[in-house]
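Asks: Have a look at the structure that comes next, please.
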Amino acid sequence: YVGLVTGTCFAEMGHNVTCIDIDKRKIENLKKGTIPFYEPGLKELVERNQKEKRLVFSTSYEEVKGAKACFIAVGTPEGKKGKADLSQVEAATISIAKNLREYAVIVNKSTVPVGTVKHL
């Protein structure tokens, strides 16, 4: 849930933010104002920024086409032999790269091992 909090804070600072998730139900719930965890003040910030149209939710990576910055905040569960499963980071990175139309900064906020960026 790092992505929701981060995106909401950027929206509160005046930036236009689109939070993307491949889970359609999660996105539909967020659009309705249902926050899946408790963080003091988050619900009010999400509601205010949705109302101001600075914060939107989508399942489509096409939304990144004009982005200046993209933050990746996906799960990295323990995989085989105790290593981090980076499949969600890899999938998000590929999806972003396929849809960007111009230069953008890509920030990885997911917990990953040292050297992951070289792999991606």
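All residue names refer to the structure tokens as shown: chains lettered A, B, ... in order, residues numbered from 1 in each chain, ligands numbered from 1 in order.
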Could you list, as a PyMOL selection string, every residue within 12 Å of Leu100 in chain A, counting only C-alpha atoms and ignoring same-chain residues fewer than 2 positions away?
Replies: chain A and resi 61-70+93-98+102-106
Asks: List every residue of chain A that DSSP, applied to the backbone of this structure, assigns to strand (DSSP E), and report them as a list in words.
Replies: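 Of chain A, only Val17, Thr18, Cys19, Ile20, Leu55, Val56, Phe57, Ser58, Ala69, Cys70, Phe71, Ile72, Val105, Ile106, Val107 and Asn108 of chain A fall in strand (DSSP E).
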Asks: Would you save the residues from that selection as a short mmCIF file (atom, residue, chain, number, x, y, z; two decimals), in the first residue's frame, using all heavy atoms?
Replies:
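Output file again-v1.cif is given in full below:
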```
data_model
loop_
_atom_site.label_atom_id
_atom_site.label_comp_id
_atom_site.auth_asym_id
_atom_site.auth_seq_id
_atom_site.Cartn_x
_atom_site.Cartn_y
_atom_site.Cartn_z
N VAL A 17 -2.05 12.67 -10.37
CA VAL A 17 -1.57 11.32 -10.10
C VAL A 17 -2.59 10.30 -10.58
O VAL A 17 -3.79 10.44 -10.33
CB VAL A 17 -1.33 11.11 -8.57
CG1 VAL A 17 -0.95 9.68 -8.27
CG2 VAL A 17 -0.28 12.09 -8.07
N THR A 18 -2.09 9.27 -11.25
CA THR A 18 -2.91 8.11 -11.59
C THR A 18 -2.30 6.90 -10.92
O THR A 18 -1.15 6.56 -11.18
CB THR A 18 -2.97 7.89 -13.12
OG1 THR A 18 -3.50 9.05 -13.74
CG2 THR A 18 -3.83 6.68 -13.46
N CYS A 19 -3.05 6.26 -10.05
CA CYS A 19 -2.61 5.01 -9.41
C CYS A 19 -3.14 3.86 -10.26
O CYS A 19 -4.34 3.80 -10.54
CB CYS A 19 -3.15 4.91 -7.99
SG CYS A 19 -2.46 6.13 -6.85
N ILE A 20 -2.25 2.97 -10.65
CA ILE A 20 -2.61 1.85 -11.52
C ILE A 20 -2.43 0.55 -10.76
O ILE A 20 -1.43 0.34 -10.08
CB ILE A 20 -1.74 1.84 -12.79
CG1 ILE A 20 -1.94 3.13 -13.58
CG2 ILE A 20 -2.04 0.62 -13.65
CD1 ILE A 20 -0.96 3.31 -14.73
N LEU A 55 -6.30 13.00 -8.32
CA LEU A 55 -6.03 11.60 -8.02
C LEU A 55 -7.08 10.74 -8.70
O LEU A 55 -8.27 10.86 -8.42
CB LEU A 55 -6.05 11.37 -6.50
CG LEU A 55 -5.75 9.95 -6.02
CD1 LEU A 55 -4.33 9.53 -6.40
CD2 LEU A 55 -5.94 9.86 -4.51
N VAL A 56 -6.62 9.88 -9.60
CA VAL A 56 -7.52 8.96 -10.29
C VAL A 56 -6.94 7.55 -10.21
O VAL A 56 -5.75 7.36 -9.98
CB VAL A 56 -7.77 9.36 -11.77
CG1 VAL A 56 -8.45 10.71 -11.85
CG2 VAL A 56 -6.48 9.38 -12.55
N PHE A 57 -7.81 6.57 -10.43
CA PHE A 57 -7.42 5.17 -10.34
C PHE A 57 -7.75 4.47 -11.65
O PHE A 57 -8.81 4.72 -12.24
CB PHE A 57 -8.14 4.49 -9.17
CG PHE A 57 -7.84 5.14 -7.84
CD1 PHE A 57 -8.74 6.03 -7.27
CD2 PHE A 57 -6.65 4.89 -7.20
CE1 PHE A 57 -8.46 6.65 -6.07
CE2 PHE A 57 -6.36 5.51 -5.98
CZ PHE A 57 -7.27 6.38 -5.42
N SER A 58 -6.87 3.57 -12.08
CA SER A 58 -7.06 2.90 -13.36
C SER A 58 -6.41 1.52 -13.35
O SER A 58 -5.49 1.26 -12.58
CB SER A 58 -6.43 3.75 -14.48
OG SER A 58 -6.55 3.11 -15.73
N ALA A 69 6.94 11.10 -14.36
CA ALA A 69 7.55 10.18 -13.40
C ALA A 69 6.58 9.04 -13.14
O ALA A 69 5.36 9.23 -13.13
CB ALA A 69 7.87 10.89 -12.09
N CYS A 70 7.13 7.84 -12.96
CA CYS A 70 6.34 6.66 -12.62
C CYS A 70 6.97 6.00 -11.41
O CYS A 70 8.19 5.81 -11.36
CB CYS A 70 6.33 5.65 -13.78
SG CYS A 70 5.55 6.25 -15.28
N PHE A 71 6.15 5.68 -10.43
CA PHE A 71 6.62 5.01 -9.22
C PHE A 71 6.09 3.58 -9.24
O PHE A 71 4.89 3.37 -9.40
CB PHE A 71 6.10 5.72 -7.97
CG PHE A 71 6.79 7.01 -7.68
CD1 PHE A 71 6.57 8.13 -8.46
CD2 PHE A 71 7.70 7.10 -6.64
CE1 PHE A 71 7.21 9.33 -8.21
CE2 PHE A 71 8.35 8.29 -6.37
CZ PHE A 71 8.11 9.41 -7.17
N ILE A 72 6.99 2.63 -9.09
CA ILE A 72 6.60 1.23 -9.02
C ILE A 72 6.56 0.85 -7.54
O ILE A 72 7.55 0.98 -6.82
CB ILE A 72 7.60 0.33 -9.77
CG1 ILE A 72 7.62 0.71 -11.25
CG2 ILE A 72 7.24 -1.15 -9.57
CD1 ILE A 72 8.70 0.01 -12.04
N VAL A 105 11.09 9.67 -15.50
CA VAL A 105 11.84 9.07 -14.41
C VAL A 105 11.01 7.91 -13.87
O VAL A 105 9.82 8.06 -13.61
CB VAL A 105 12.11 10.11 -13.29
CG1 VAL A 105 12.77 9.45 -12.08
CG2 VAL A 105 12.95 11.25 -13.82
N ILE A 106 11.65 6.76 -13.71
CA ILE A 106 10.97 5.60 -13.12
C ILE A 106 11.63 5.31 -11.78
O ILE A 106 12.83 5.09 -11.71
CB ILE A 106 11.04 4.37 -14.05
CG1 ILE A 106 10.38 4.69 -15.38
CG2 ILE A 106 10.38 3.16 -13.38
CD1 ILE A 106 10.49 3.59 -16.42
N VAL A 107 10.82 5.34 -10.74
CA VAL A 107 11.30 5.13 -9.38
C VAL A 107 10.74 3.82 -8.87
O VAL A 107 9.53 3.59 -8.93
CB VAL A 107 10.84 6.28 -8.44
CG1 VAL A 107 11.30 6.05 -7.02
CG2 VAL A 107 11.31 7.62 -8.97
N ASN A 108 11.61 2.97 -8.35
CA ASN A 108 11.16 1.70 -7.77
C ASN A 108 11.05 1.86 -6.26
O ASN A 108 12.06 2.06 -5.59
CB ASN A 108 12.11 0.57 -8.12
CG ASN A 108 11.66 -0.72 -7.52
OD1 ASN A 108 10.47 -0.96 -7.39
ND2 ASN A 108 12.58 -1.56 -7.14
#
```
Asks: Just checking: using only C-alpha atoms, which residue out of A:Thr111, A:Gln50, A:Thr8, A:Leu45 ends up closest to Lys32 in chain A?
Replies: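 Closest candidate: A:Gln50.
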Asks: Counting only C-alpha atoms, which of A:Arg101, A:Ile22, A:Asn29, A:Pro113 gets nearest to Glu78 in chain A?
Replies: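 Going through A:Arg101, A:Ile22, A:Asn29, A:Pro113 one by one, the smallest distance to Glu78 in chain A is for A:Pro113.
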Asks: Quick one: of A:His119, A:His15, A:Lys26, A:Lys109, who's nearest to Glu90 in chain A, counting only C-alpha atoms?
Replies: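 Under the stated criterion, the closest residue is A:His119.
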Asks: Identify, on the basis of only C-alpha atoms, every residue whose closest approach to Asn49 in chain A does not exceed 12 Å; exclude the query and any residue fewer than 2 positions from it along the same chain; express the result as a PyMOL selection string.
Replies: chain A and resi 7-18+31+33+42-47+51-57
Asks: Could you tell me, as an MDAnalysis selection string, which residues of chain A DSSP assigns to alpha helix (DSSP H) when given the backbone?
Replies: chainID A and resid 2:12 24:31 42:51 87:99 116:119
Asks: Emit the selected residues as a tab-separated table (two decimals), in the first residue's frame, including C-alpha atoms.
Replies:
```tsv
chain	number	residue	atom	x	y	z
A	2	VAL	CA	3.04	2.24	-0.29
A	3	GLY	CA	1.83	3.31	-3.74
A	4	LEU	CA	-1.55	4.58	-2.56
A	5	VAL	CA	-0.06	6.63	0.24
A	6	THR	CA	2.73	7.98	-1.98
A	7	GLY	CA	0.37	8.84	-4.83
A	8	THR	CA	-2.11	10.51	-2.51
A	9	CYS	CA	0.62	12.63	-0.94
A	10	PHE	CA	1.84	13.76	-4.37
A	11	ALA	CA	-1.73	14.64	-5.33
A	12	GLU	CA	-2.12	16.60	-2.09
A	24	LYS	CA	-9.97	-4.49	-11.11
A	25	ARG	CA	-11.84	-4.97	-7.84
A	26	LYS	CA	-9.23	-3.01	-5.90
A	27	ILE	CA	-9.45	-0.14	-8.40
A	28	GLU	CA	-13.26	-0.12	-8.36
A	29	ASN	CA	-13.22	-0.01	-4.54
A	30	LEU	CA	-10.73	2.85	-4.53
A	31	LYS	CA	-12.88	4.77	-7.01
A	42	LEU	CA	-5.71	8.92	4.24
A	43	LYS	CA	-9.40	8.49	3.46
A	44	GLU	CA	-9.99	12.24	3.67
A	45	LEU	CA	-6.94	12.98	1.50
A	46	VAL	CA	-8.03	10.46	-1.13
A	47	GLU	CA	-11.57	11.87	-1.19
A	48	ARG	CA	-10.38	15.48	-1.47
A	49	ASN	CA	-7.92	14.75	-4.26
A	50	GLN	CA	-10.40	12.62	-6.21
A	51	LYS	CA	-12.91	15.47	-5.97
A	87	SER	CA	7.93	-10.98	-11.25
A	88	GLN	CA	5.56	-8.16	-10.28
A	89	VAL	CA	8.36	-5.57	-10.50
A	90	GLU	CA	9.38	-6.94	-13.89
A	91	ALA	CA	5.79	-6.94	-15.20
A	92	ALA	CA	5.17	-3.36	-14.04
A	93	THR	CA	8.47	-2.18	-15.55
A	94	ILE	CA	7.69	-3.76	-18.91
A	95	SER	CA	4.13	-2.40	-18.93
A	96	ILE	CA	5.36	1.11	-18.16
A	97	ALA	CA	8.11	0.94	-20.79
A	98	LYS	CA	5.67	-0.24	-23.47
A	99	ASN	CA	3.35	2.69	-22.84
A	116	THR	CA	17.87	-5.35	-9.37
A	117	VAL	CA	17.98	-2.30	-11.64
A	118	LYS	CA	20.82	-3.84	-13.67
A	119	HIS	CA	18.62	-6.88	-14.20
```
Asks: To one decimal in Å, tell me the separation between CA of Glu39 in chain A and CA of Thr59 in chain A.
Replies: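 Spanning CA of Glu39 in chain A to CA of Thr59 in chain A is a straight-line distance of 23.0 Å.
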Asks: Which neighbours of Asp85 in chain A fall inside 10 Å, counting only C-alpha atoms, when residues of the same chain fewer than 6 positions from it are skipped, and could you give them as a list in words?
Replies: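 Using only C-alpha atoms, the neighbours found are Gly75, Thr76, Pro77, Glu78, Gly79 and Val112 of chain A.
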Asks: Take the residues from that selection and write them out as a CSV table (one decimal), in the first residue's frame, keeping N, CA and C atoms.
Replies:
```csv
chain,number,residue,atom,x,y,z
A,75,GLY,N,4.3,-5.8,-4.9
A,75,GLY,CA,4.8,-6.8,-3.9
A,75,GLY,C,6.0,-7.5,-4.4
A,76,THR,N,6.8,-7.9,-3.5
A,76,THR,CA,8.0,-8.7,-3.8
A,76,THR,C,8.1,-9.9,-2.7
A,77,PRO,N,7.1,-10.8,-2.8
A,77,PRO,CA,7.1,-11.9,-1.8
A,77,PRO,C,8.3,-12.8,-1.9
A,78,GLU,N,8.5,-13.5,-0.9
A,78,GLU,CA,9.6,-14.5,-0.9
A,78,GLU,C,9.3,-15.6,-2.0
A,79,GLY,N,10.3,-15.8,-2.8
A,79,GLY,CA,10.2,-16.8,-3.8
A,79,GLY,C,11.0,-18.1,-3.5
A,112,VAL,N,13.5,-4.5,-3.1
A,112,VAL,CA,14.2,-5.4,-4.0
A,112,VAL,C,15.7,-5.5,-3.6
```
Asks: Rounded to one decimal place, report the CA of Ser110 in chain A-CA of Thr34 in chain A distance in Å.
Replies: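 Computing it gives 23.0 Å between the two atoms.
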Asks: Between CA of Leu120 in chain A and CA of Lys81 in chain A, what distance in Å does the model show, to one decimal?
Replies: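 For CA of Leu120 in chain A relative to CA of Lys81 in chain A, the distance reads 20.7 Å.
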